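For reference, work-v7.cif (mmCIF, C-alpha atoms):
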data_coords
#
loop_
_atom_site.label_atom_id
_atom_site.label_comp_id
_atom_site.auth_asym_id
_atom_site.auth_seq_id
_atom_site.Cartn_x
_atom_site.Cartn_y
_atom_site.Cartn_z
CA MET A 6 40.56 -33.82 38.44
CA ALA A 7 43.66 -35.85 37.81
CA TRP A 8 44.27 -34.57 34.30
CA GLU A 9 43.25 -31.26 32.79
CA VAL A 10 40.93 -30.97 29.82
CA SER A 11 38.46 -28.26 28.87
CA PRO A 12 34.75 -28.93 29.53
CA ARG A 13 34.01 -28.62 25.82
CA ARG A 14 36.61 -31.23 24.93
CA ALA A 15 35.41 -33.51 27.74
CA ARG A 16 31.88 -33.36 26.32
CA ALA A 17 33.21 -34.06 22.82
CA VAL A 18 35.04 -37.15 24.10
CA LEU A 19 31.84 -38.24 25.87
CA ILE A 20 29.85 -37.95 22.65
CA THR A 21 32.50 -39.71 20.55
CA LEU A 22 32.84 -42.68 22.87
CA SER A 23 29.09 -42.84 23.30
CA LEU A 24 28.85 -43.19 19.50
CA ALA A 25 31.47 -45.93 19.70
CA ALA A 26 29.34 -47.74 22.28
CA PHE A 27 26.37 -47.33 19.92
CA ALA A 28 28.35 -48.95 17.11
CA PHE A 29 29.57 -51.85 19.24
CA ILE A 30 26.15 -52.73 20.66
CA THR A 31 24.55 -52.43 17.22
CA THR A 32 27.12 -54.83 15.82
CA GLU A 33 26.75 -57.24 18.72
CA LEU A 34 22.96 -57.45 18.46
CA LEU A 35 22.46 -57.05 14.71
CA PRO A 36 22.26 -60.82 14.04
CA VAL A 37 19.18 -60.84 16.28
CA GLY A 38 17.31 -58.58 13.85
CA LEU A 39 18.75 -60.28 10.75
CA LEU A 40 18.43 -63.82 12.03
CA THR A 41 15.90 -64.88 9.41
CA HIS A 42 17.97 -63.35 6.58
CA ILE A 43 21.46 -64.54 7.48
CA ALA A 44 20.37 -68.13 8.18
CA PRO A 45 19.05 -69.02 4.68
CA ASP A 46 21.76 -67.04 2.87
CA LEU A 47 24.52 -69.03 4.57
CA ASP A 48 22.47 -72.24 4.73
CA ARG A 49 22.40 -72.33 8.52
CA SER A 50 19.66 -72.79 11.14
CA ARG A 51 18.33 -69.95 13.28
CA SER A 52 19.99 -71.46 16.33
CA GLN A 53 23.35 -71.52 14.55
CA VAL A 54 23.04 -67.86 13.62
CA GLY A 55 22.09 -67.16 17.25
CA LEU A 56 25.48 -68.61 18.19
CA LEU A 57 27.04 -65.55 16.50
CA VAL A 58 25.77 -63.61 19.52
CA SER A 59 26.75 -66.15 22.16
CA GLY A 60 30.15 -66.83 20.56
CA TYR A 61 30.80 -63.11 20.45
CA ALA A 62 30.02 -62.90 24.15
CA VAL A 63 32.27 -65.84 25.03
CA VAL A 64 35.24 -64.07 23.45
CA VAL A 65 34.52 -60.93 25.47
CA VAL A 66 34.26 -63.02 28.63
CA LEU A 67 37.62 -64.67 28.04
CA ALA A 68 39.48 -61.63 26.73
CA SER A 69 38.34 -58.64 28.81
CA VAL A 70 40.50 -58.99 31.92
CA PRO A 71 43.66 -60.26 30.14
CA LEU A 72 43.47 -57.47 27.56
CA ALA A 73 42.88 -54.87 30.28
CA ARG A 74 45.98 -56.06 32.12
CA LEU A 75 48.13 -56.19 28.98
CA THR A 76 47.22 -52.64 27.94
CA GLN A 77 47.29 -50.85 31.32
CA ARG A 78 50.20 -48.62 30.30
CA ILE A 79 49.11 -47.71 26.76
CA PRO A 80 47.76 -44.14 26.33
CA ARG A 81 44.01 -44.29 25.83
CA ARG A 82 44.03 -42.26 22.62
CA HIS A 83 46.26 -44.82 20.92
CA LEU A 84 44.48 -47.78 22.44
CA LEU A 85 40.93 -46.71 21.64
CA GLY A 86 41.91 -45.47 18.16
CA ALA A 87 43.40 -48.88 17.32
CA THR A 88 40.34 -50.58 18.82
CA MET A 89 38.00 -48.71 16.49
CA LEU A 90 40.18 -49.51 13.47
CA LEU A 91 39.93 -53.21 14.34
CA PHE A 92 36.17 -52.78 14.68
CA ALA A 93 35.98 -51.28 11.19
CA ALA A 94 38.16 -53.98 9.61
CA ALA A 95 36.21 -56.81 11.23
CA ASN A 96 32.85 -55.45 10.07
CA ALA A 97 34.20 -55.06 6.55
CA ALA A 98 35.23 -58.72 6.67
CA ALA A 99 31.73 -59.65 7.85
CA ALA A 100 30.18 -57.79 4.93
CA LEU A 101 32.35 -59.76 2.50
CA ALA A 102 32.11 -63.13 4.28
CA PRO A 103 31.46 -65.92 1.74
CA THR A 104 30.77 -68.56 4.41
CA TYR A 105 29.41 -68.91 7.92
CA ALA A 106 32.92 -69.70 9.20
CA VAL A 107 34.33 -66.43 7.84
CA LEU A 108 31.42 -64.47 9.32
CA ALA A 109 31.98 -66.16 12.68
CA GLY A 110 35.70 -65.30 12.52
CA SER A 111 34.95 -61.64 11.80
CA ARG A 112 32.56 -61.58 14.75
CA LEU A 113 35.27 -62.94 17.03
CA ALA A 114 37.64 -60.17 15.93
CA THR A 115 34.96 -57.57 16.63
CA ALA A 116 34.41 -59.16 20.04
CA LEU A 117 38.11 -58.71 20.88
CA ALA A 118 37.79 -55.02 20.05
CA GLN A 119 34.68 -54.75 22.20
CA ALA A 120 36.35 -56.52 25.12
CA LEU A 121 39.09 -53.90 25.10
CA PHE A 122 36.72 -50.99 24.54
CA TRP A 123 34.47 -51.72 27.51
CA SER A 124 37.47 -52.34 29.74
CA VAL A 125 38.76 -48.78 29.39
CA ALA A 126 35.99 -46.59 27.94
CA THR A 127 33.95 -45.93 31.10
CA ALA A 128 36.86 -44.68 33.21
CA THR A 129 38.20 -42.69 30.22
CA VAL A 130 34.89 -40.90 29.74
CA ILE A 131 34.17 -40.27 33.43
CA GLY A 132 37.67 -39.10 34.42
CA PRO A 133 37.35 -35.38 33.58
CA PHE A 134 34.06 -34.94 35.48
CA PRO A 135 33.50 -34.28 39.23
CA VAL A 136 32.60 -37.28 41.40
CA ALA A 137 29.25 -35.73 42.36
CA VAL A 138 27.91 -35.94 38.77
CA ARG A 139 29.53 -39.17 37.62
CA GLY A 140 26.28 -41.11 37.81
CA ARG A 141 24.69 -38.68 35.39
CA VAL A 142 27.70 -38.85 33.06
CA VAL A 143 27.60 -42.66 33.18
CA ALA A 144 23.97 -42.53 32.06
CA LEU A 145 24.79 -40.08 29.26
CA PHE A 146 27.60 -42.34 28.09
CA ALA A 147 25.24 -45.32 28.26
CA THR A 148 22.81 -43.48 26.00
CA GLY A 149 24.92 -44.56 23.04
CA ALA A 150 24.51 -48.21 23.97
CA THR A 151 20.83 -47.63 24.71
CA LEU A 152 20.20 -46.02 21.34
CA ALA A 153 21.60 -49.06 19.56
CA PRO A 154 18.34 -51.02 19.96
CA VAL A 155 16.36 -47.86 19.15
CA LEU A 156 18.19 -46.81 15.99
CA GLY A 157 21.09 -49.12 15.24
CA VAL A 158 19.44 -52.55 15.29
CA PRO A 159 16.11 -51.43 13.73
CA LEU A 160 17.91 -49.45 11.01
CA GLY A 161 20.32 -52.32 10.45
CA THR A 162 17.38 -54.73 10.30
CA TRP A 163 15.53 -52.52 7.83
CA LEU A 164 18.64 -52.01 5.72
CA GLY A 165 19.31 -55.74 5.74
CA GLN A 166 15.76 -56.43 4.62
CA GLN A 167 15.96 -53.89 1.81
CA ALA A 168 19.54 -54.21 0.53
CA GLY A 169 20.85 -57.42 2.10
CA TRP A 170 22.37 -58.13 5.48
CA ARG A 171 25.91 -57.60 4.17
CA VAL A 172 25.22 -53.93 3.46
CA ALA A 173 24.34 -53.36 7.12
CA PHE A 174 27.76 -54.62 8.21
CA ALA A 175 29.50 -52.55 5.52
CA VAL A 176 27.84 -49.39 6.85
CA LEU A 177 29.06 -50.23 10.36
CA ALA A 178 32.59 -50.57 9.03
CA GLY A 179 32.39 -47.01 7.69
CA VAL A 180 31.01 -45.75 10.99
CA GLY A 181 33.95 -47.35 12.78
CA LEU A 182 36.45 -45.47 10.61
CA VAL A 183 34.79 -42.14 11.36
CA ILE A 184 34.79 -42.80 15.11
CA ALA A 185 38.45 -43.89 15.01
CA ALA A 186 39.36 -40.54 13.48
CA GLY A 187 37.33 -38.71 16.15
CA VAL A 188 39.08 -40.59 18.96
CA VAL A 189 42.54 -39.75 17.62
CA VAL A 190 41.69 -36.06 17.23
CA LEU A 191 39.77 -35.47 20.47
CA LEU A 192 41.09 -37.80 23.15
CA PRO A 193 44.08 -36.42 25.09
CA SER A 194 47.15 -38.61 25.41
CA TYR A 195 47.83 -39.20 29.11
CA PRO A 196 49.04 -42.08 31.31
CA PRO A 197 46.05 -44.35 32.15
CA ALA A 198 46.77 -44.15 35.90
CA ALA A 199 46.36 -40.37 35.73
CA GLY A 200 42.66 -40.61 34.89
CA GLY A 201 40.33 -39.05 37.44
CA ALA A 202 38.29 -42.25 37.65
CA ALA A 203 41.24 -44.64 37.90
CA ARG A 204 40.12 -45.88 41.36
CA GLY A 205 36.79 -46.65 43.02
CA THR A 206 35.32 -44.07 45.39
CA ALA A 207 34.15 -46.63 47.99
CA PRO A 208 36.11 -49.85 47.38
CA ASP A 209 34.42 -53.03 48.62
CA GLY A 210 35.60 -56.35 47.23
CA ARG A 211 32.71 -58.42 48.62
CA ARG A 212 29.97 -56.18 47.31
CA PHE A 213 31.76 -55.91 43.98
CA ALA A 214 31.77 -59.71 43.70
CA VAL A 215 28.04 -59.82 44.45
CA LEU A 216 27.48 -57.15 41.79
CA LEU A 217 29.32 -59.25 39.19
CA ILE A 218 27.28 -62.38 39.97
CA ALA A 219 23.97 -60.50 39.91
CA THR A 220 24.97 -58.82 36.65
CA ALA A 221 25.73 -62.13 34.94
CA LEU A 222 22.43 -63.64 36.12
CA GLY A 223 20.35 -60.58 35.27
CA ILE A 224 21.80 -60.07 31.81
CA GLY A 225 21.56 -63.82 31.19
CA GLY A 226 17.86 -63.65 31.97
CA PHE A 227 17.25 -60.78 29.58
CA MET A 228 19.27 -62.36 26.78
CA THR A 229 17.65 -65.80 27.04
CA LEU A 230 14.65 -64.21 25.37
CA GLN A 231 16.20 -61.22 23.61
CA THR A 232 18.60 -63.28 21.49
CA TYR A 233 15.63 -65.10 19.97
CA ILE A 234 13.05 -62.33 20.18
CA THR A 235 12.53 -62.48 16.40
CA PRO A 236 11.14 -66.04 16.41
CA PHE A 237 9.11 -65.21 19.52
CA LEU A 238 7.46 -62.23 17.85
CA LEU A 239 6.87 -64.12 14.59
CA ASP A 240 5.87 -67.53 15.90
CA ILE A 241 4.24 -66.82 19.28
CA SER A 242 2.82 -63.30 18.95
CA GLY A 243 2.00 -63.67 15.25
CA PHE A 244 3.56 -60.44 14.00
CA ALA A 245 4.55 -60.06 10.35
CA ASP A 246 8.20 -59.74 9.34
CA ALA A 247 7.64 -56.06 8.45
CA ALA A 248 6.68 -55.32 12.07
CA LEU A 249 10.03 -56.42 13.49
CA ALA A 250 11.83 -53.09 12.99
CA PRO A 251 9.06 -51.00 14.64
CA LEU A 252 8.87 -53.44 17.55
CA LEU A 253 12.61 -53.32 18.12
CA PHE A 254 12.36 -49.53 17.95
CA ALA A 255 9.67 -49.52 20.65
CA SER A 256 11.85 -51.65 22.91
CA GLY A 257 14.86 -49.43 22.35
CA ALA A 258 12.87 -46.22 22.87
CA ALA A 259 11.80 -47.54 26.24
CA GLY A 260 15.47 -48.22 26.94
CA VAL A 261 16.30 -44.57 26.29
CA LEU A 262 13.63 -43.55 28.79
CA GLY A 263 15.10 -45.98 31.28
CA THR A 264 18.57 -44.53 30.85
CA LEU A 265 17.31 -40.96 31.24
CA ALA A 266 15.42 -41.95 34.37
CA ALA A 267 18.55 -43.61 35.75
CA ALA A 268 20.50 -40.39 35.18
CA ARG A 269 18.34 -38.79 37.87
CA THR A 270 18.85 -41.52 40.46
CA LEU A 271 22.32 -43.02 40.02
CA ASP A 272 24.21 -40.48 42.13
CA THR A 273 21.64 -40.50 44.94
CA TRP A 274 20.19 -44.03 45.07
CA PRO A 275 22.68 -46.46 43.49
CA ILE A 276 21.11 -49.58 45.01
CA ALA A 277 17.53 -48.65 44.09
CA SER A 278 18.80 -47.94 40.59
CA LEU A 279 19.92 -51.59 40.40
CA VAL A 280 16.92 -53.26 42.01
CA THR A 281 14.10 -51.33 40.33
CA PRO A 282 15.04 -52.20 36.71
CA LEU A 283 15.46 -55.87 37.63
CA SER A 284 11.99 -55.85 39.21
CA ILE A 285 10.47 -54.34 36.08
CA GLY A 286 12.36 -56.72 33.79
CA THR A 287 11.34 -59.78 35.79
CA ALA A 288 7.66 -58.82 35.67
CA ALA A 289 7.89 -58.14 31.92
CA LEU A 290 9.56 -61.48 31.18
CA PHE A 291 6.94 -63.41 33.13
CA GLY A 292 4.28 -61.34 31.36
CA MET A 293 5.71 -62.30 27.96
CA TYR A 294 5.47 -65.96 28.94
CA ALA A 295 1.89 -65.72 30.20
CA LEU A 296 0.45 -63.27 27.65
CA GLY A 297 2.85 -63.40 24.70
CA THR A 298 0.10 -64.43 22.30
CA LEU A 299 -1.65 -61.07 22.85
CA ARG A 300 -0.06 -58.51 20.56
CA HIS A 301 -0.84 -55.41 22.60
CA GLY A 302 0.42 -57.03 25.77
CA THR A 303 3.55 -58.18 23.96
CA VAL A 304 4.36 -54.62 22.89
CA ALA A 305 4.02 -53.38 26.48
CA PHE A 306 6.14 -56.17 27.93
CA LEU A 307 8.75 -55.75 25.21
CA ALA A 308 9.02 -52.08 26.13
CA GLY A 309 9.37 -53.02 29.80
CA ILE A 310 12.24 -55.37 28.99
CA GLY A 311 13.98 -52.68 26.95
CA LEU A 312 13.60 -50.10 29.72
CA ALA A 313 14.83 -52.50 32.39
CA TYR A 314 17.84 -53.77 30.44
CA ALA A 315 19.13 -50.27 29.66
CA ALA A 316 18.59 -48.83 33.14
CA PHE A 317 20.19 -51.88 34.78
CA GLY A 318 23.26 -51.59 32.55
CA SER A 319 23.78 -47.95 33.51
CA ALA A 320 23.34 -48.75 37.19
CA VAL A 321 25.91 -51.55 37.07
CA GLN A 322 28.54 -49.29 35.47
CA ASN A 323 27.91 -46.57 38.04
CA ARG A 324 28.12 -49.02 40.92
CA MET A 325 31.37 -50.39 39.53
CA LEU A 326 32.95 -46.94 39.75
CA GLN A 327 32.07 -46.89 43.45
CA LEU A 328 32.92 -50.44 44.52
CA ALA A 329 35.98 -51.18 42.33
CA PRO A 330 38.47 -52.74 44.78
CA GLY A 331 41.46 -51.71 42.64
CA SER A 332 41.91 -50.21 39.19
CA THR A 333 38.60 -49.26 37.59
CA ASP A 334 39.94 -50.51 34.25
CA ILE A 335 40.30 -54.00 35.69
CA ALA A 336 36.96 -53.67 37.49
CA SER A 337 35.32 -52.52 34.27
CA ALA A 338 36.82 -55.52 32.51
CA GLY A 339 35.28 -57.67 35.24
CA VAL A 340 31.88 -56.06 34.66
CA SER A 341 32.26 -56.58 30.91
CA THR A 342 33.09 -60.22 31.59
CA ALA A 343 29.98 -60.58 33.77
CA PHE A 344 27.79 -58.87 31.17
CA ASN A 345 29.01 -61.09 28.39
CA ALA A 346 28.93 -64.22 30.53
CA GLY A 347 25.25 -63.40 30.93
CA ILE A 348 24.84 -62.75 27.22
CA ALA A 349 26.61 -65.99 26.30
CA GLY A 350 24.78 -68.03 28.92
CA GLY A 351 21.41 -66.58 28.00
CA SER A 352 22.01 -67.08 24.30
CA LEU A 353 23.13 -70.68 24.82
CA LEU A 354 20.19 -71.43 27.09
CA GLY A 355 17.77 -69.92 24.59
CA GLY A 356 19.42 -71.80 21.72
CA ALA A 357 19.09 -75.08 23.62
CA LEU A 358 15.41 -74.52 24.45
CA LEU A 359 14.29 -73.12 21.09
CA PRO A 360 14.52 -76.26 18.89
CA THR A 361 12.77 -78.53 21.41
CA SER A 362 10.38 -76.26 23.31
CA GLY A 363 9.79 -73.34 20.97
CA ALA A 364 10.21 -69.66 21.76
CA ARG A 365 7.62 -69.23 24.51
CA PRO A 366 9.50 -70.93 27.40
CA LEU A 367 12.45 -68.61 26.80
CA ALA A 368 10.55 -65.82 28.57
CA LEU A 369 9.90 -68.00 31.62
CA ALA A 370 13.53 -69.13 31.85
CA GLY A 371 14.72 -65.53 31.52
CA GLY A 372 12.34 -64.32 34.21
CA LEU A 373 13.58 -66.95 36.64
CA LEU A 374 17.20 -65.85 36.13
CA THR A 375 16.44 -62.15 36.67
CA LEU A 376 14.43 -63.08 39.76
CA VAL A 377 17.48 -64.83 41.24
CA ALA A 378 19.64 -61.78 40.47
CA LEU A 379 17.06 -59.53 42.13
CA ALA A 380 16.99 -61.71 45.25
CA LEU A 381 20.78 -61.74 45.42
CA LEU A 382 21.01 -57.94 45.37
CA ALA A 383 18.16 -57.60 47.87
CA VAL A 384 19.80 -59.96 50.35
CA ASP A 385 23.18 -58.25 49.94
CA THR A 386 21.71 -54.83 50.77
CA ARG A 387 19.51 -55.92 53.70
CA PRO A 388 22.09 -55.19 56.44
CA ARG A 389 22.62 -51.64 55.22
CA PRO A 390 21.36 -48.91 57.60
CA ALA A 391 18.33 -46.92 56.52
CA ALA A 392 18.99 -43.55 54.91
CA GLY A 393 19.34 -40.85 57.54
CA SER A 394 19.80 -43.25 60.44
CA ALA A 395 22.20 -42.21 63.16
CA PRO A 396 25.69 -43.62 62.78
CA THR A 397 25.62 -44.56 66.49
CA THR A 398 22.99 -47.28 65.99
CA VAL A 399 24.02 -50.29 68.08
CA ARG A 400 25.60 -53.02 65.94
CA PRO A 401 27.68 -56.05 66.70
CA ALA A 402 31.37 -55.21 66.61
CA ARG A 403 31.96 -57.40 63.57
CA GLN A 404 29.77 -55.08 61.46
CA THR A 405 31.76 -51.91 62.07
CA ARG A 406 33.35 -52.13 58.62
CA THR A 407 29.94 -52.31 56.97
CA GLN A 408 28.79 -49.24 58.88
CA ALA A 409 31.84 -47.34 57.68
CA ALA A 410 31.06 -48.27 54.09
CA GLY A 411 27.47 -47.10 54.61
CA ARG A 412 28.68 -43.70 55.81
CA THR A 413 30.77 -43.37 52.65
CA CYS A 414 27.62 -43.61 50.55
CA PRO A 415 24.73 -43.15 53.04
CA ASP A 416 21.89 -43.67 50.58
CA GLN A 417 22.96 -47.06 49.23
CA ALA A 418 20.08 -48.63 51.09
CA ARG A 419 17.44 -46.77 49.16
#
File written out as structure tokens:
Amino acid sequence: MAWEVSPRRARAVLITLSLAAFAFITTELLPVGLLTHIAPDLDRSRSQVGLLVSGYAVVVVLASVPLARLTQRIPRRHLLGATMLLFAAANAAAALAPTYAVLAGSRLATALAQALFWSVATATVIGPFPVAVRGRVVALFATGATLAPVLGVPLGTWLGQQAGWRVAFAVLAGVGLVIAAGVVVLLPSYPPAAGGAARGTAPDGRRFAVLLIATALGIGGFMTLQTYITPFLLDISGFADAALAPLLFASGAAGVLGTLAAARTLDTWPIASLVTPLSIGTAALFGMYALGTLRHGTVAFLAGIGLAYAAFGSAVQNRMLQLAPGSTDIASAGVSTAFNAGIAGGSLLGGALLPTSGARPLALAGGLLTLVALALLAVDTRPRPAAGSAPTTVRPARQTRTQAAGRTCPDQAR
């Protein structure tokens, strides 16, 4: 361990930053649940309100790596505390926004805070824990983000339906203030380079690049449908507006199960932990396209998408900690960029298809994107030796480096 902290304090930091992740993901996705309430109040179309998600993601894409580089030397307690204060202020501005333009501006400010948060939070959380259990800790940290669709978005949707969408953003502003105080009190002040997870455990620039591309494609596939899941459920599946919150809860609950399942596999089978969720998500997206008019089938497929999205996100973060070719902060910023490139691309694709084709083709387009991501990861892992194979297996001389990487993490092929 590169810097000393008691196990109790390390767990407290884990919980606090997991709550921060919960707040950020809730804020990012809340317009999805409140789409039909924000649009008429601000006299905008559903597609325009959907741009609040894609625009948010574009800012994260553009800002993550530059902000990570600019803040490399700032102690994480100060940096993350200021980040949460910005989060709180931006959500307060959203709650008071008199126009669509002001709401969009507040969302961009929140996106800047999120870009910085995801660039440094993973390595900050993981640093105090032994390498052998980091996959499990990554999954526990990801539980906060996973619970956002289970509790945050459904509760925000319900609150917006009952008291107005502005109240939901005001509550998030208060949550941000509480988390900011927790970060300042609990997080030790230490040089960022001293963190125990400051470097990857098995650096590989090529595989890291493949991971980023597959992440952008996979997340883009999920978000092509997820950004506009409300119109899909209302217009294609025929659910009533009151059913939206329970349906989003079901999807998020499946995500929690996916994250908990990933906690058991990330340290042992990092590749399988990437490929399996993408396989499930692809099947569920195609199922939504084919059988989305059947309500019971829709519920099952929606749960499959939620499980796959959450488990895939945890697996990507864990893999980043292994493959990061340099600083894990910069690598994490790269992963955040890939995630949000996928979110922005999926949201824009869905927004382009929705007015002309309706909501149903969004599931097909999303499934095709996740299928490409799945194929990319499968091809990249094909040359890896089978688990337990002898290291003396005859290979061409040019593959010696790959063999060495395989011995660093022998079960990557699983």
Check your understanding: What do you get, as a VMD selection string, if you spell out every residue that the PyMOL selection byres ((chain A and resi 18) around 10) selects here?
Key -> chain A and resid 12 to 17 19 to 24 129 to 131 133 146 187 to 188 190 to 193
Point to revise | Who sits within 9 Å of Phe122 (chain A), only C-alpha atoms, same chain under 6 positions skipped, as a list of chain:residue names | key: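 Residues meeting the cut-off are A:Ala25, A:Ala26, A:Phe29, A:Ser69, A:Leu84, A:Leu85, A:Thr88, A:Met89.
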Those residues you just picked out, can you put them in a file as a short mmCIF file (atom, residue, chain, number, x, y, z; two decimals), keeping the file's coordinate frame with C-alpha atoms?
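Final file, part-v1.cif:
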data_model
loop_
_atom_site.label_atom_id
_atom_site.label_comp_id
_atom_site.auth_asym_id
_atom_site.auth_seq_id
_atom_site.Cartn_x
_atom_site.Cartn_y
_atom_site.Cartn_z
CA ALA A 25 31.47 -45.93 19.70
CA ALA A 26 29.34 -47.74 22.28
CA PHE A 29 29.57 -51.85 19.24
CA SER A 69 38.34 -58.64 28.81
CA LEU A 84 44.48 -47.78 22.44
CA LEU A 85 40.93 -46.71 21.64
CA THR A 88 40.34 -50.58 18.82
CA MET A 89 38.00 -48.71 16.49
#
**Study point:** A:Ala313, A:Val54, A:Leu108, A:Ala343 ranked by distance to Gly263 (chain A), top pick (using all atoms listed in the file)
**Key:** A:Ala313
**Study point:** Selection dump of the PyMOL selection byres ((chain A and resi 155) around 6), as a PyMOL selection string
**Key:** chain A and resi 152-154+156+254+257-258
Check your understanding: For the file shown, what are the residues hit by the PyMOL selection byres ((chain A and resi 32) around 10), laid out as a list in words?
Key ->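 Selection result, ordered by chain and number: Ala26, Phe27, Ala28, Phe29, Ile30, Thr31, Glu33, Leu34, Leu35, Pro36, Val37, Val58, Phe92, Asn96, Arg112, Thr115, Ala116, Gln119, Ala153, Gly157, Val158, Gly161, Ala173, Phe174, Leu177 and Ala178 of chain A.
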Dump C-alpha atoms for the selected residues as a PDB file, keeping the file's coordinate frame?
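This went into result_15.pdb:
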ATOM      1  CA  ALA A  26      29.340 -47.740  22.280  1.00  0.00           C
ATOM      2  CA  PHE A  27      26.370 -47.330  19.920  1.00  0.00           C
ATOM      3  CA  ALA A  28      28.350 -48.950  17.110  1.00  0.00           C
ATOM      4  CA  PHE A  29      29.570 -51.850  19.240  1.00  0.00           C
ATOM      5  CA  ILE A  30      26.150 -52.730  20.660  1.00  0.00           C
ATOM      6  CA  THR A  31      24.550 -52.430  17.220  1.00  0.00           C
ATOM      7  CA  GLU A  33      26.750 -57.240  18.720  1.00  0.00           C
ATOM      8  CA  LEU A  34      22.960 -57.450  18.460  1.00  0.00           C
ATOM      9  CA  LEU A  35      22.460 -57.050  14.710  1.00  0.00           C
ATOM     10  CA  PRO A  36      22.260 -60.820  14.040  1.00  0.00           C
ATOM     11  CA  VAL A  37      19.180 -60.840  16.280  1.00  0.00           C
ATOM     12  CA  VAL A  58      25.770 -63.610  19.520  1.00  0.00           C
ATOM     13  CA  PHE A  92      36.170 -52.780  14.680  1.00  0.00           C
ATOM     14  CA  ASN A  96      32.850 -55.450  10.070  1.00  0.00           C
ATOM     15  CA  ARG A 112      32.560 -61.580  14.750  1.00  0.00           C
ATOM     16  CA  THR A 115      34.960 -57.570  16.630  1.00  0.00           C
ATOM     17  CA  ALA A 116      34.410 -59.160  20.040  1.00  0.00           C
ATOM     18  CA  GLN A 119      34.680 -54.750  22.200  1.00  0.00           C
ATOM     19  CA  ALA A 153      21.600 -49.060  19.560  1.00  0.00           C
ATOM     20  CA  GLY A 157      21.090 -49.120  15.240  1.00  0.00           C
ATOM     21  CA  VAL A 158      19.440 -52.550  15.290  1.00  0.00           C
ATOM     22  CA  GLY A 161      20.320 -52.320  10.450  1.00  0.00           C
ATOM     23  CA  ALA A 173      24.340 -53.360   7.120  1.00  0.00           C
ATOM     24  CA  PHE A 174      27.760 -54.620   8.210  1.00  0.00           C
ATOM     25  CA  LEU A 177      29.060 -50.230  10.360  1.00  0.00           C
ATOM     26  CA  ALA A 178      32.590 -50.570   9.030  1.00  0.00           C
TER      27      ALA A 178
END
Check your understanding: Between CA of Thr162 (chain A) and CA of Leu39 (chain A), what is the distance, to one decimal in Å?
Key -> 5.7 Å
Check your understanding: What's the 8 Å shell around Trp123 (chain A), counting all atoms listed in the file, without same-chain residues fewer than 2 positions away, as number ranges by chain?
Key -> A: 119-121, 125-127, 337-338, 341
Practice item. For region 163-165 of chain A, please output as a list of chain:residue names all residues within 9 Å (counting all atoms listed in the file; exclusion window: fewer than 3 positions along the same chain). Key: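 Using all atoms listed in the file, the neighbours found are A:Gly38, A:Leu39, A:His42, A:Val158, A:Pro159, A:Leu160, A:Ala168, A:Gly169, A:Trp170, A:Arg171, A:Val172, A:Ala173, A:Phe174, A:Ala247, A:Leu249, A:Ala250.
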Check your understanding: How far is it from CA of Ser319 (chain A) to CA of Arg365 (chain A), in Å with one decimal?
Key -> 28.2 Å
Review point. Between CA of Thr273 (chain A) and CA of Pro208 (chain A), what is the spacing in Å?
Key: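 These atoms are spaced 17.4 Å apart.
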Point to revise | Spatial neighbours of Gln231 (chain A), 12 Å, all atoms listed in the file, chain gap at least 4 places, as a PyMOL selection string | key: chain A and resi 34-38+55+58-59+154+224-227+235-238+253+256-257+286+290+293+307-308+310-311+314+347-349+351-356+364-365+367-368+370-372
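You can rank A:Ala315, A:Leu299, A:Leu222, A:Val66 by their closest distance to Gly149 (chain A) using only C-alpha atoms, and at the top of that list sits A:Ala315.
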